[in-house]
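entry09.txt (compact mmCIF, C-alpha atoms and all ligand atoms)
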# COMPACT_ATOMS: atom_id res chain seq x y z
CA MET A 1 143.08 173.27 79.42
CA ALA A 2 144.00 169.57 79.17
CA LYS A 3 141.03 167.24 79.43
CA LEU A 4 140.84 164.79 82.30
CA PRO A 5 141.09 161.16 81.15
CA ARG A 6 137.79 159.43 80.38
CA GLU A 7 137.97 157.06 83.34
CA VAL A 8 138.48 160.00 85.74
CA ARG A 9 135.55 161.90 84.24
CA THR A 10 133.35 158.80 84.52
CA TRP A 11 134.49 158.24 88.10
CA LEU A 12 133.79 161.87 89.04
CA THR A 13 130.36 161.80 87.39
CA GLU A 14 129.36 158.68 89.26
CA ALA A 15 130.70 159.96 92.60
CA TRP A 16 128.92 163.29 92.12
CA TYR A 17 125.57 161.71 91.34
CA ARG A 18 125.97 159.23 94.18
CA GLU A 19 126.23 162.34 96.37
CA VAL A 20 129.71 161.54 97.66
CA PRO A 21 130.79 164.63 99.67
CA VAL A 22 133.12 166.88 97.68
CA GLU A 23 136.02 166.50 100.19
CA GLU A 24 135.73 162.71 99.73
CA ILE A 25 135.71 163.11 95.96
CA TYR A 26 138.99 165.04 96.13
CA ARG A 27 140.45 162.53 98.57
CA GLN A 28 139.51 159.43 96.60
CA ALA A 29 139.63 160.50 92.94
CA PRO A 30 141.74 157.90 91.17
CA PHE A 31 144.77 158.92 89.11
CA ARG A 32 144.16 162.47 90.33
CA GLY A 33 144.57 165.40 87.94
CA PRO A 34 145.20 169.02 88.97
CA SER A 35 142.41 170.11 91.29
CA SER A 36 141.52 173.06 89.02
CA GLU A 37 140.51 170.55 86.33
CA ILE A 38 138.49 168.55 88.81
CA ASP A 39 136.86 171.80 90.07
CA GLU A 40 135.89 172.74 86.58
CA PHE A 41 134.50 169.32 85.77
CA LEU A 42 132.42 169.23 88.97
CA GLN A 43 131.13 172.71 88.10
CA ARG A 44 129.99 171.40 84.72
CA LEU A 45 128.18 168.52 86.42
CA GLU A 46 126.46 170.89 88.82
CA THR A 47 125.12 173.08 86.04
CA SER A 48 124.40 170.34 83.51
CA ASP A 49 120.93 170.44 82.00
CA LEU A 50 121.04 166.63 81.82
CA SER A 51 121.41 166.13 85.55
CA GLU A 52 118.02 164.43 85.96
CA GLU A 53 118.72 161.87 83.23
CA ILE A 54 122.31 161.18 84.32
CA GLY A 55 121.18 160.92 87.94
CA GLU A 56 118.57 158.33 86.99
CA LEU A 57 121.10 156.20 85.10
CA VAL A 58 123.67 156.40 87.90
CA THR A 59 121.03 155.31 90.41
CA ARG A 60 120.04 152.40 88.19
CA ILE A 61 123.67 151.25 87.87
CA ALA A 62 124.18 151.57 91.63
CA ARG A 63 121.10 149.40 92.18
CA LEU A 64 122.36 146.75 89.75
CA GLU A 65 125.78 146.68 91.45
CA TRP A 66 124.03 146.32 94.79
CA LEU A 67 121.93 143.41 93.51
CA GLY A 68 125.09 141.68 92.31
CA ARG A 69 126.78 142.29 95.66
CA VAL A 70 123.82 140.75 97.50
CA ARG A 71 124.25 137.63 95.38
CA VAL A 72 128.02 137.50 95.87
CA LEU A 73 127.79 138.00 99.64
CA SER A 74 124.98 135.46 99.99
CA GLY A 75 127.07 132.95 98.03
CA LEU A 76 129.91 133.27 100.54
CA LEU A 77 127.74 131.34 103.01
CA ASP A 78 128.04 128.17 100.92
CA ALA A 79 131.54 126.62 100.78
CA ARG A 80 130.59 124.70 97.62
CA LEU A 81 130.40 127.98 95.70
CA GLN A 82 134.02 128.87 96.55
CA ARG A 83 135.40 126.30 94.10
CA VAL A 84 134.54 124.83 90.73
CA PRO A 85 132.98 121.37 91.16
CA ARG A 86 134.39 118.42 89.21
CA PHE A 87 132.10 115.71 87.87
CA ALA A 88 133.26 112.58 86.06
CA ARG A 89 130.13 112.69 83.90
CA LEU A 90 126.80 114.53 83.76
CA SER A 91 123.67 113.64 81.79
CA PRO A 92 122.09 116.49 79.80
CA ARG A 93 119.60 116.89 82.71
CA GLY A 94 122.42 116.94 85.30
CA PHE A 95 124.32 119.43 83.16
CA ILE A 96 121.30 121.74 83.15
CA GLU A 97 120.91 121.35 86.92
CA HIS A 98 124.55 121.88 87.93
CA ALA A 99 125.84 124.18 85.20
CA VAL A 100 123.47 125.86 82.74
CA ALA A 101 120.52 126.79 84.96
CA PRO A 102 122.58 128.16 87.89
CA ASN A 103 125.04 129.77 85.39
CA ARG A 104 127.98 128.15 87.25
CA PRO A 105 131.25 126.71 85.89
CA VAL A 106 131.85 122.95 86.22
CA VAL A 107 134.69 120.65 85.15
CA LEU A 108 133.87 117.36 83.42
CA THR A 109 136.75 114.95 83.93
CA ALA A 110 135.71 111.82 82.05
CA MET A 111 133.38 112.82 79.24
CA MET A 112 135.99 113.05 76.51
CA GLY A 113 136.64 109.28 76.59
CA ASP A 114 135.18 108.93 73.07
CA TRP A 115 137.40 111.69 71.61
CA LYS A 116 139.84 110.01 69.19
CA ALA A 117 141.66 113.35 69.23
CA LEU A 118 143.12 112.52 72.65
CA THR A 119 145.34 109.80 71.24
CA LYS A 120 145.49 110.85 67.56
CA TRP A 121 146.36 114.57 67.68
CA THR A 122 150.10 114.36 68.24
CA TRP A 123 152.09 117.25 66.76
CA ARG A 124 153.37 114.83 64.11
CA PHE A 125 149.83 113.66 63.19
CA LEU A 126 148.60 117.24 62.89
CA ARG A 127 151.56 118.21 60.73
CA ASP A 128 151.20 115.14 58.48
CA THR A 129 147.42 115.18 58.00
CA VAL A 130 146.31 118.81 58.14
CA GLY A 131 149.71 120.59 58.00
CA ASP A 132 148.86 122.24 54.65
CA ALA A 133 145.76 123.91 56.09
CA GLY A 134 145.93 127.68 55.77
CA VAL A 135 145.33 129.23 59.19
CA LEU A 136 145.32 132.70 60.71
CA VAL A 137 147.72 133.13 63.61
CA MET A 138 147.86 136.16 65.91
CA GLU A 139 151.33 137.73 65.86
CA HIS A 140 153.27 140.37 67.86
CA ARG A 141 151.38 139.64 71.05
CA GLU A 142 154.44 140.39 73.16
CA THR A 143 154.77 143.93 71.87
CA ALA A 144 151.21 144.96 70.87
CA GLU A 145 149.22 146.91 73.46
CA ARG A 146 145.84 145.37 74.30
CA TYR A 147 146.37 142.66 71.69
CA ASP A 148 143.08 141.14 72.79
CA LEU A 149 141.22 144.07 71.22
CA ASN A 150 143.03 143.82 67.90
CA VAL A 151 142.76 140.19 66.90
CA SER A 152 141.94 140.92 63.24
CA ASP A 153 144.73 143.47 62.72
CA LEU A 154 147.33 141.20 64.32
CA SER A 155 146.34 137.99 62.52
CA GLU A 156 148.58 136.76 59.70
CA PRO A 157 148.06 133.81 57.34
CA THR A 158 150.39 130.83 57.53
CA THR A 159 150.13 127.03 57.39
CA LEU A 160 149.44 124.84 60.40
CA ARG A 161 152.71 122.99 59.60
CA GLU A 162 154.80 126.16 59.87
CA PHE A 163 153.07 127.16 63.09
CA ILE A 164 153.48 123.75 64.74
CA GLY A 165 157.17 123.77 63.77
CA TRP A 166 157.53 127.13 65.55
CA ILE A 167 155.73 125.83 68.68
CA GLN A 168 158.05 122.84 68.81
CA ARG A 169 161.07 125.13 68.59
CA VAL A 170 160.06 127.79 71.13
CA LYS A 171 157.88 125.70 73.47
CA HIS A 172 157.10 128.75 75.61
CA SER A 173 156.03 132.19 74.30
CA ASN A 174 153.10 134.56 74.12
CA ALA A 175 154.27 136.09 70.82
CA ARG A 176 152.12 133.96 68.49
CA TYR A 177 148.85 132.14 69.13
CA MET A 178 146.25 130.48 66.92
CA VAL A 179 143.04 131.75 68.51
CA ALA A 180 139.39 131.26 67.60
CA ARG A 181 139.57 132.87 64.16
CA ASN A 182 139.62 129.93 61.79
CA ASN A 183 136.07 128.62 61.96
CA GLY A 184 137.71 125.75 63.81
CA LEU A 185 136.91 122.31 62.59
CA ALA A 186 134.51 123.47 59.87
CA SER A 187 137.18 125.21 57.77
CA ALA A 188 138.17 123.39 54.56
CA GLY A 189 141.71 122.50 55.66
CA LEU A 190 140.88 121.38 59.21
CA LYS A 191 137.65 119.48 58.48
CA PRO A 192 139.28 116.03 58.73
CA LEU A 193 139.77 116.71 62.45
CA ALA A 194 136.01 116.97 63.03
CA ARG A 195 135.59 113.20 63.13
CA ASP A 196 137.94 112.99 66.15
CA VAL A 197 135.79 114.95 68.61
CA GLY A 198 132.76 113.89 70.66
CA PHE A 199 129.53 115.49 71.77
CA PHE A 200 129.24 114.86 75.51
CA GLY A 201 126.37 112.39 75.40
CA GLY A 202 123.97 114.75 73.65
CA ILE A 203 124.90 117.91 75.56
CA LEU A 204 126.38 119.19 72.30
CA ASP A 205 124.75 119.00 68.87
CA ARG A 206 126.91 117.06 66.37
CA ARG A 207 125.10 118.67 63.39
CA ARG A 208 126.17 122.18 64.29
CA LEU A 209 129.93 122.55 63.82
CA ASP A 210 130.03 125.46 61.41
CA GLY A 211 130.63 128.65 63.38
CA PHE A 212 130.31 127.03 66.79
CA VAL A 213 133.57 125.12 67.28
CA SER A 214 136.98 126.79 67.59
CA LEU A 215 140.49 125.41 67.68
CA TRP A 216 143.14 127.02 69.93
CA VAL A 217 146.76 126.01 69.27
CA GLY A 218 149.85 127.51 70.89
CA PRO A 219 152.96 127.05 73.00
CA GLY A 220 153.10 127.24 76.78
CA GLY A 221 152.93 130.83 78.03
CA THR A 222 150.01 132.16 75.96
CA VAL A 223 147.81 134.53 77.93
CA THR A 224 144.22 135.38 77.06
CA PRO A 225 143.39 138.37 79.26
CA LEU A 226 140.28 138.66 81.41
CA HIS A 227 137.13 138.84 79.28
CA GLN A 228 133.51 137.72 79.02
CA ASP A 229 131.82 135.61 76.31
CA THR A 230 128.21 136.12 75.27
CA ALA A 231 127.57 132.38 74.77
CA ASN A 232 127.89 129.33 76.99
CA ASN A 233 131.18 127.61 76.18
CA LEU A 234 132.34 124.03 76.76
CA PHE A 235 136.12 124.33 76.68
CA CYS A 236 137.78 120.99 75.89
CA GLN A 237 141.48 120.36 76.49
CA VAL A 238 143.15 117.91 74.09
CA ARG A 239 146.92 118.42 74.60
CA GLY A 240 148.84 120.31 77.29
CA ARG A 241 147.52 122.15 80.35
CA LYS A 242 145.79 125.48 80.83
CA ARG A 243 145.11 127.50 83.96
CA PHE A 244 141.82 129.45 84.17
CA LEU A 245 140.95 132.26 86.55
CA LEU A 246 137.19 132.72 86.68
CA VAL A 247 135.18 135.55 88.19
CA ASP A 248 131.41 135.55 88.77
CA PRO A 249 129.76 138.33 86.68
CA ALA A 250 127.63 139.16 89.74
CA ASN A 251 130.70 141.26 90.66
CA ALA A 252 129.19 143.99 88.51
CA GLU A 253 131.90 146.50 89.50
CA LEU A 254 134.23 144.79 87.02
CA LEU A 255 132.24 146.41 84.23
CA ARG A 256 133.65 149.78 85.32
CA ASP A 257 137.08 148.98 83.99
CA CYS A 258 136.62 147.33 80.64
CA LEU A 259 136.59 148.08 76.97
CA SER A 260 134.13 146.02 74.99
CA TYR A 261 134.22 142.49 76.47
CA TYR A 262 137.81 142.78 77.73
CA SER A 263 138.76 144.01 81.17
CA ASP A 264 141.63 146.39 81.92
CA LEU A 265 142.39 144.36 85.03
CA ASP A 266 145.29 141.95 85.27
CA ALA A 267 143.53 138.94 86.76
CA GLU A 268 146.83 137.41 87.89
CA ARG A 269 147.68 140.46 90.00
CA PHE A 270 144.60 142.37 91.07
CA ASP A 271 145.75 145.92 91.86
CA VAL A 272 143.67 146.47 94.98
CA LYS A 273 145.30 149.81 95.68
CA ARG A 274 144.17 151.27 92.40
CA TYR A 275 140.81 149.45 92.33
CA PRO A 276 139.75 149.02 95.99
CA TYR A 277 136.54 147.14 95.05
CA LEU A 278 138.72 144.20 93.94
CA ALA A 279 139.47 143.37 97.58
CA HIS A 280 136.09 141.61 97.70
CA VAL A 281 136.24 139.91 94.32
CA GLN A 282 136.89 136.19 94.44
CA LYS A 283 138.77 134.36 91.69
CA LEU A 284 138.10 130.66 91.13
CA GLU A 285 141.09 128.77 89.76
CA VAL A 286 140.89 125.71 87.53
CA THR A 287 143.73 123.82 85.88
CA LEU A 288 142.60 121.73 82.95
CA GLY A 289 144.57 118.77 81.57
CA PRO A 290 144.08 116.58 78.49
CA GLY A 291 140.67 114.89 78.43
CA GLN A 292 139.05 117.43 80.74
CA ALA A 293 136.45 120.03 79.83
CA LEU A 294 135.45 123.27 81.58
CA PHE A 295 131.98 124.77 81.19
CA ILE A 296 132.41 128.56 81.06
CA PRO A 297 128.93 130.04 81.49
CA ALA A 298 127.98 133.07 79.39
CA GLY A 299 129.07 136.25 81.13
CA TRP A 300 131.66 134.69 83.45
CA TRP A 301 134.96 136.56 83.35
CA HIS A 302 137.87 134.32 82.43
CA HIS A 303 141.64 134.69 82.11
CA VAL A 304 143.53 131.81 80.51
CA ARG A 305 147.25 130.93 80.63
CA SER A 306 148.66 127.87 78.89
CA LEU A 307 151.12 125.99 81.08
CA SER A 308 152.55 123.87 78.27
CA PRO A 309 152.18 123.59 74.46
CA SER A 310 148.46 123.19 74.03
CA VAL A 311 145.62 122.20 71.71
CA SER A 312 142.06 122.98 72.83
CA VAL A 313 138.62 123.00 71.25
CA SER A 314 135.97 125.42 72.48
CA MET A 315 132.41 124.40 71.67
CA THR A 316 129.23 126.47 71.75
CA ASN A 317 127.08 124.05 69.71
CA PHE A 318 124.79 123.13 72.59
CA SER A 319 121.81 120.93 71.82
CA ALA A 320 118.42 122.62 71.58
CA LEU A 321 117.41 121.08 74.89
CA LEU A 322 120.11 123.03 76.69
CA ASP A 323 120.23 126.40 75.16
CA THR A 324 118.40 129.34 73.81
CA ASP A 325 118.30 129.94 70.10
CA GLU A 326 121.83 129.74 68.62
CA ALA A 327 123.49 129.08 72.03
CA SER A 328 124.02 132.81 72.28
CA PHE A 329 122.54 135.47 74.48
CA PRO A 330 121.58 138.94 73.23
CA VAL A 331 124.60 141.20 73.18
CA PRO A 332 124.08 143.77 75.95
CA GLY A 333 124.16 147.28 74.64
CA ALA A 334 123.71 146.34 71.00
CA ARG A 335 119.93 146.60 71.04
CA ILE A 336 118.05 147.35 74.22
CA PHE A 337 114.51 148.03 73.04
O1 LIG B 401 142.36 129.23 75.68
C1 LIG B 401 142.47 130.46 75.65
O2 LIG B 401 143.55 131.03 75.59
C2 LIG B 401 141.23 131.32 75.72
C3 LIG B 401 139.93 130.60 75.57
C4 LIG B 401 138.76 131.53 75.74
O3 LIG B 401 138.86 132.58 76.30
C5 LIG B 401 137.43 131.15 75.25
O4 LIG B 401 137.23 130.06 74.70
O5 LIG B 401 136.52 132.00 75.41

Can you present the structure in this file as structure tokens?
Amino acid sequence: MAKLPREVRTWLTEAWYREVPVEEIYRQAPFRGPSSEIDEFLQRLETSDLSEEIGELVTRIARLEWLGRVRVLSGLLDARLQRVPRFARLSPRGFIEHAVAPNRPVVLTAMMGDWKALTKWTWRFLRDTVGDAGVLVMEHRETAERYDLNVSDLSEPTTLREFIGWIQRVKHSNARYMVARNNGLASAGLKPLARDVGFFGGILDRRRLDGFVSLWVGPGGTVTPLHQDTANNLFCQVRGRKRFLLVDPANAELLRDCLSYYSDLDAERFDVKRYPYLAHVQKLEVTLGPGQALFIPAGWWHHVRSLSPSVSVSMTNFSALLDTDEASFPVPGARIF
């Protein structure tokens, strides 16, 4: 007998242990298979010798989802939480108060004034000064399934000069994208660019570039699907515009439909019919232009579309004052005890 897909088996297990009546299970089961297969699977659940353990885990997950929902619903009472606030500048203390401690996104509109990159990094300058740098560029993004999960396999070496030439020709495409794979401004070929960035008045640590700063270069039309990061991220836009869709991780139901840190959901078109819980999930939209920076707190879901040819720098080199060790939070699931 053909096996039910994993997501259906997971859904059935959860519904069974949440004591959803069997008629309801048959009525609601997503992407329904033949009822004989569902019958057989429910039979296996009923007779499982692990029912106590599974039941305990399902209850714990239900409780965590409920806690998240309490936070989301409570937040709806405050209009300020329905948008991403914009500040011209924040001191390190203000940044802790408005962004890091509440784990909320903010936009900083005037803190990149000391970035020489804003005037220097024209396409011509990049080609002429660091064009020979060897870089890895993701390819075949328009045809590869779930390209987000296969960054290493899809990355090919080229030079920054060749890639910029391609961007200038196509202007709009999701086929190729230089994503965070090149150890950004610390790599040998791109190092000269490091002197053109700033450190947000001490919010970031200028001594920690290696491994914590990434360069994103691509045409308009690149799409980074909905995902979570495990570190706080200050995303700085140098050229072009990007549109972000952000979702509060308190919407714990989103974890049902993901693989690793990437979601199966299309954040631009939430399919509420297939995933009814999405009806209550709020997306916050931010468009970032040159000279603006978005703080993406660890755990926040984000989907990113470039609206024009774009150069961005994402920075996780927070100063010790602002972050835990290494600006990174323990990876959930990797080591629990
Ligand atoms: O700019 C992009 O396309 C994606 C950026 C991103 O997801 C990140 O920095 O975590």

Could you build a table of the residues in chain A lying no more than 10 Å from ligand LIG 401 (chain B), giving for each the nearest pair of atoms and their separation in Å rounded to one decimal place, using all atoms listed in the file, ordered by chain and ascending residue number, as CSV?
residue,atom,partner,partner_atom,distance
A:Tyr177,CA,B:LIG401,O2,8.4
A:Met178,CA,B:LIG401,O2,9.1
A:Val179,CA,B:LIG401,O2,7.1
A:Ala180,CA,B:LIG401,O4,7.5
A:Val213,CA,B:LIG401,O4,9.6
A:Ser214,CA,B:LIG401,O4,7.8
A:Leu215,CA,B:LIG401,O4,9.0
A:Trp216,CA,B:LIG401,O1,6.2
A:Val217,CA,B:LIG401,O1,8.4
A:Gly218,CA,B:LIG401,O2,8.6
A:Gly221,CA,B:LIG401,O2,9.7
A:Thr222,CA,B:LIG401,O2,6.6
A:Val223,CA,B:LIG401,O2,6.0
A:Thr224,CA,B:LIG401,O2,4.6
A:Pro225,CA,B:LIG401,O3,7.9
A:Leu226,CA,B:LIG401,O3,8.1
A:His227,CA,B:LIG401,O3,7.1
A:Gln228,CA,B:LIG401,O5,7.4
A:Asp229,CA,B:LIG401,O5,6.0
A:Thr230,CA,B:LIG401,O5,9.3
A:Ala231,CA,B:LIG401,O5,9.0
A:Asn232,CA,B:LIG401,O5,9.2
A:Asn233,CA,B:LIG401,O4,6.7
A:Leu234,CA,B:LIG401,O4,8.0
A:Phe235,CA,B:LIG401,O4,6.2
A:Cys236,CA,B:LIG401,O4,9.2
A:Gln237,CA,B:LIG401,O1,9.0
A:Arg241,CA,B:LIG401,O1,9.9
A:Lys242,CA,B:LIG401,O1,7.2
A:Arg243,CA,B:LIG401,O1,8.9
A:Phe244,CA,B:LIG401,O1,8.5
A:Leu294,CA,B:LIG401,O4,9.8
A:Phe295,CA,B:LIG401,O4,9.9
A:Ile296,CA,B:LIG401,O5,7.8
A:Pro297,CA,B:LIG401,O5,9.9
A:Ala298,CA,B:LIG401,O5,9.5
A:Trp300,CA,B:LIG401,O5,9.8
A:Trp301,CA,B:LIG401,O3,9.0
A:His302,CA,B:LIG401,O3,6.4
A:His303,CA,B:LIG401,O3,6.8
A:Val304,CA,B:LIG401,O2,5.0
A:Arg305,CA,B:LIG401,O2,6.3
A:Ser306,CA,B:LIG401,O2,6.9
A:Ser310,CA,B:LIG401,O1,8.7
A:Val311,CA,B:LIG401,O1,8.7
A:Ser312,CA,B:LIG401,O1,6.9
A:Val313,CA,B:LIG401,O4,8.0
A:Ser314,CA,B:LIG401,O4,5.3
A:Met315,CA,B:LIG401,O4,8.0
A:Thr316,CA,B:LIG401,O4,9.3

Using only the atoms of segment 304-319 of chain A listed in the file, plus 5 Å on each side, state the axis-aligned box centre and edge lengths in Å rounded to one decimal, as lines of an AutoDock Vina configuration file.
center_x = 137.2
center_y = 126.4
center_z = 75.4
size_x = 40.7
size_y = 20.9
size_z = 21.4

Excluding Phe41 of chain A and any residue of its chain fewer than 4 positions from it, enumerate the residues within 10 Å of it, using only C-alpha atoms, and give them as a PyMOL selection string.
chain A and resi 3-4+9+12-13+35-37+45-46

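Of the residues under consideration (A:Thr119, A:Thr129, A:Gln282, A:Asn251), A:Gln282 shows the shortest atom-to-atom contact distance to Phe270 of chain A when counting all atoms listed in the file.
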
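The protein and nucleic acid residues lying at most 12 Å from Arg269 of chain A are Pro225, Leu226, Leu245, Asp264, Leu265, Asp266, Ala267, Asp271, Val272, Lys273, Arg274, Tyr275, Leu278, Ala279, Lys283 and His303 of chain A, with all atoms listed in the file considered and sequence neighbours fewer than 2 positions away removed.
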
Have a look at A:Pro290, A:Arg207, A:Ser187, A:Pro276 and name the one nearest to Gln28 of chain A; count all atoms listed in the file.
A:Pro276

Sel. within 10 Å of pt (130.7, 117.6, 87.5), counting all atoms listed in the file, output as a tab-separated table (two decimals) with C-alpha atoms, in the coordinates of the input:
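part.tsv written:
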chain	number	residue	atom	x	y	z
A	84	VAL	CA	134.54	124.83	90.73
A	85	PRO	CA	132.98	121.37	91.16
A	86	ARG	CA	134.39	118.42	89.21
A	87	PHE	CA	132.10	115.71	87.87
A	88	ALA	CA	133.26	112.58	86.06
A	89	ARG	CA	130.13	112.69	83.90
A	90	LEU	CA	126.80	114.53	83.76
A	91	SER	CA	123.67	113.64	81.79
A	94	GLY	CA	122.42	116.94	85.30
A	95	PHE	CA	124.32	119.43	83.16
A	98	HIS	CA	124.55	121.88	87.93
A	99	ALA	CA	125.84	124.18	85.20
A	105	PRO	CA	131.25	126.71	85.89
A	106	VAL	CA	131.85	122.95	86.22
A	107	VAL	CA	134.69	120.65	85.15
A	108	LEU	CA	133.87	117.36	83.42
A	109	THR	CA	136.75	114.95	83.93
A	110	ALA	CA	135.71	111.82	82.05
A	111	MET	CA	133.38	112.82	79.24
A	293	ALA	CA	136.45	120.03	79.83
A	294	LEU	CA	135.45	123.27	81.58
A	295	PHE	CA	131.98	124.77	81.19

Work out how far atom CA of Gly198 of chain A is from atom CA of Gly113 of chain A, in Å to one decimal.
8.5 Å

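Distances to Asn183 of chain A were evaluated for A:Glu52, A:Asp210, A:Asp39, A:Glu156 using all atoms listed in the file, and the minimum falls at A:Asp210.
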